[in-house]
Amino acid sequence: MITESDRCGWAKKELDIEYHDTQWGKPCYDDNELFEMLILEGFQAGLSWTTILNKRENFRKAFDKFNYKKIAKYNEKKFEELMLNEGIIRNKLKIHSSAINANKFMEVQNKWKTLQEVPASTELSDKISKDMKKRGFKFVGTTIIYAYLQAVGVVNDHLTSCKFK
(Lines give C-alpha, C1' and ligand atoms only; values in the text may rest on other atoms or scores of the structure.)
Protein backbone atom coordinates (compact mmCIF):
# COMPACT_ATOMS: atom_id res chain seq x y z
CA MET A 1 0.00 0.00 0.00
CA ILE A 2 1.34 3.43 -0.98
CA THR A 3 1.37 5.98 1.81
CA GLU A 4 1.73 9.76 1.80
CA SER A 5 5.43 9.43 2.65
CA ASP A 6 6.02 7.29 -0.47
CA ARG A 7 5.62 10.25 -2.85
CA CYS A 8 6.85 13.83 -3.13
CA GLY A 9 5.47 16.05 -0.38
CA TRP A 10 3.60 18.41 -2.69
CA ALA A 11 1.24 15.66 -3.87
CA LYS A 12 -1.45 15.76 -1.20
CA LYS A 13 -4.84 16.19 -2.88
CA GLU A 14 -6.47 13.59 -5.14
CA LEU A 15 -5.68 15.31 -8.46
CA ASP A 16 -2.14 16.15 -7.29
CA ILE A 17 -1.56 12.49 -6.38
CA GLU A 18 -2.94 11.21 -9.67
CA TYR A 19 -0.81 13.72 -11.63
CA HIS A 20 2.28 12.89 -9.56
CA ASP A 21 1.90 9.15 -9.91
CA THR A 22 1.01 9.00 -13.60
CA GLN A 23 2.55 11.99 -15.36
CA TRP A 24 4.93 14.24 -13.42
CA GLY A 25 8.58 13.54 -14.13
CA LYS A 26 7.80 10.90 -16.76
CA PRO A 27 9.31 11.30 -20.25
CA CYS A 28 6.80 12.58 -22.78
CA TYR A 29 7.22 12.47 -26.55
CA ASP A 30 3.75 13.47 -27.71
CA ASP A 31 3.70 16.99 -29.15
CA ASN A 32 0.12 17.70 -28.04
CA GLU A 33 0.88 16.65 -24.48
CA LEU A 34 4.11 18.66 -24.47
CA PHE A 35 2.25 21.71 -25.73
CA GLU A 36 -0.52 21.19 -23.17
CA MET A 37 2.04 21.20 -20.36
CA LEU A 38 3.72 24.34 -21.74
CA ILE A 39 0.41 26.18 -21.78
CA LEU A 40 -0.71 24.91 -18.37
CA GLU A 41 2.63 25.81 -16.78
CA GLY A 42 2.26 29.32 -18.20
CA PHE A 43 -1.24 29.67 -16.78
CA GLN A 44 0.03 28.39 -13.43
CA ALA A 45 2.41 31.35 -13.00
CA GLY A 46 1.43 33.03 -9.74
CA LEU A 47 -1.08 30.31 -8.86
CA SER A 48 -0.96 26.84 -7.34
CA TRP A 49 -0.60 23.77 -9.53
CA THR A 50 -3.66 22.34 -7.79
CA THR A 51 -5.69 25.25 -9.18
CA ILE A 52 -4.55 24.34 -12.69
CA LEU A 53 -5.27 20.64 -12.20
CA ASN A 54 -8.78 21.48 -10.97
CA LYS A 55 -9.39 23.46 -14.17
CA ARG A 56 -7.48 21.16 -16.54
CA GLU A 57 -10.53 19.60 -18.18
CA ASN A 58 -12.04 23.05 -18.67
CA PHE A 59 -8.79 24.17 -20.29
CA ARG A 60 -8.84 21.13 -22.60
CA LYS A 61 -12.35 21.97 -23.78
CA ALA A 62 -11.70 25.70 -24.11
CA PHE A 63 -8.37 25.25 -25.93
CA ASP A 64 -9.43 22.60 -28.47
CA LYS A 65 -7.72 19.76 -26.57
CA PHE A 66 -4.49 21.79 -26.84
CA ASN A 67 -4.31 21.28 -30.59
CA TYR A 68 -1.48 23.74 -31.22
CA LYS A 69 -2.27 23.95 -34.95
CA LYS A 70 -5.75 25.25 -34.12
CA ILE A 71 -4.56 27.48 -31.29
CA ALA A 72 -1.99 29.10 -33.59
CA LYS A 73 -4.91 30.41 -35.66
CA TYR A 74 -6.94 31.87 -32.79
CA ASN A 75 -8.36 35.30 -33.52
CA GLU A 76 -9.78 38.12 -31.42
CA LYS A 77 -13.24 36.52 -31.37
CA LYS A 78 -11.76 33.35 -29.85
CA PHE A 79 -9.70 35.38 -27.34
CA GLU A 80 -12.87 37.20 -26.26
CA GLU A 81 -14.68 33.87 -25.89
CA LEU A 82 -11.85 32.56 -23.69
CA MET A 83 -11.91 35.73 -21.56
CA LEU A 84 -15.57 35.00 -20.79
CA ASN A 85 -14.94 31.34 -19.88
CA GLU A 86 -15.24 31.06 -16.10
CA GLY A 87 -13.81 27.53 -16.16
CA ILE A 88 -10.28 28.68 -17.01
CA ILE A 89 -7.86 31.32 -15.80
CA ARG A 90 -9.06 34.50 -17.50
CA ASN A 91 -5.80 36.38 -17.86
CA LYS A 92 -5.60 38.28 -21.15
CA LEU A 93 -1.80 38.05 -21.44
CA LYS A 94 -1.76 34.33 -20.70
CA ILE A 95 -4.59 33.65 -23.14
CA HIS A 96 -2.88 35.59 -25.93
CA SER A 97 0.42 33.86 -25.16
CA SER A 98 -1.19 30.51 -26.00
CA ALA A 99 -1.48 31.46 -29.70
CA ILE A 100 1.98 33.01 -29.78
CA ASN A 101 3.47 29.92 -28.15
CA ALA A 102 1.57 27.63 -30.55
CA ASN A 103 3.21 29.36 -33.51
CA LYS A 104 6.64 29.27 -31.87
CA PHE A 105 6.11 25.61 -30.93
CA MET A 106 5.59 24.73 -34.59
CA GLU A 107 8.68 26.73 -35.58
CA VAL A 108 10.94 24.63 -33.36
CA GLN A 109 9.53 21.25 -34.28
CA ASN A 110 11.85 18.83 -36.02
CA LYS A 111 11.54 19.16 -39.78
CA TRP A 112 14.66 17.30 -40.91
CA LYS A 113 14.17 15.77 -44.34
CA THR A 114 17.77 14.64 -44.94
CA LEU A 115 20.59 13.47 -42.71
CA GLN A 116 22.64 16.46 -43.84
CA GLU A 117 20.16 18.78 -42.13
CA VAL A 118 20.59 17.15 -38.70
CA PRO A 119 23.04 19.21 -36.64
CA ALA A 120 26.06 17.74 -34.88
CA SER A 121 25.60 20.09 -31.92
CA THR A 122 23.35 22.88 -30.72
CA GLU A 123 23.36 25.72 -28.25
CA LEU A 124 21.80 23.32 -25.71
CA SER A 125 24.53 20.69 -26.16
CA ASP A 126 27.14 23.47 -25.91
CA LYS A 127 25.74 24.57 -22.54
CA ILE A 128 25.42 21.05 -21.15
CA SER A 129 28.90 20.10 -22.36
CA LYS A 130 30.43 23.20 -20.77
CA ASP A 131 28.66 22.52 -17.47
CA MET A 132 29.69 18.85 -17.44
CA LYS A 133 33.34 19.72 -18.16
CA LYS A 134 33.24 22.25 -15.32
CA ARG A 135 32.07 19.42 -13.05
CA GLY A 136 34.97 17.20 -14.11
CA PHE A 137 33.34 14.92 -16.69
CA LYS A 138 35.55 13.67 -19.55
CA PHE A 139 34.68 12.97 -23.20
CA VAL A 140 31.65 15.20 -23.02
CA GLY A 141 32.22 17.61 -25.89
CA THR A 142 29.24 19.28 -27.50
CA THR A 143 28.98 16.72 -30.34
CA ILE A 144 29.07 13.81 -27.89
CA ILE A 145 26.46 15.47 -25.69
CA TYR A 146 24.22 16.16 -28.69
CA ALA A 147 24.48 12.52 -29.75
CA TYR A 148 23.64 11.56 -26.17
CA LEU A 149 20.56 13.83 -26.16
CA GLN A 150 19.43 12.16 -29.39
CA ALA A 151 20.09 8.66 -28.06
CA VAL A 152 18.09 9.11 -24.85
CA GLY A 153 15.20 10.85 -26.59
CA VAL A 154 15.62 14.35 -25.21
CA VAL A 155 16.08 15.51 -28.80
CA ASN A 156 14.04 13.87 -31.54
CA ASP A 157 16.02 14.04 -34.75
CA HIS A 158 14.22 11.31 -36.66
CA LEU A 159 13.77 12.40 -40.25
CA THR A 160 10.24 13.43 -41.18
CA SER A 161 10.09 10.34 -43.40
CA CYS A 162 11.04 7.98 -40.55
CA LYS A 163 8.23 5.67 -39.47
CA PHE A 164 9.72 5.25 -35.95
CA LYS A 165 9.55 8.85 -34.83
# chains A, B, ... in the order shown; residues from 1 in each chain; ligands from 1

call {"tool": "residues_around", "arguments": {"residues": "region 13-30 of chain A", "least_positions_apart": "4", "cutoff": "8 Å", "atoms": "only C-alpha atoms", "output": "list in words"}}
result
Arg7, Cys8, Leu34, Thr50, Leu53 and Asn54 of chain A

call {"tool": "residues_around", "arguments": {"residues": "Ala120 (chain A)", "least_positions_apart": "6", "cutoff": "9 Å", "atoms": "only C-alpha atoms", "output": "list in words"}}
result
Thr142, Thr143, Ile144, Tyr146 and Ala147 of chain A

call {"tool": "residues_around", "arguments": {"residues": "Lys113 (chain A)", "least_positions_apart": "5", "cutoff": "9 Å", "atoms": "only C-alpha atoms", "output": "ChimeraX atom specification"}}
result
/A:118,158-161

call {"tool": "closest_residue", "arguments": {"among": "A:Asn58, A:Asn75, A:Asn32, A:Ser5", "to": "Ile88 (chain A)", "atoms": "only C-alpha atoms"}}
result
A:Asn58
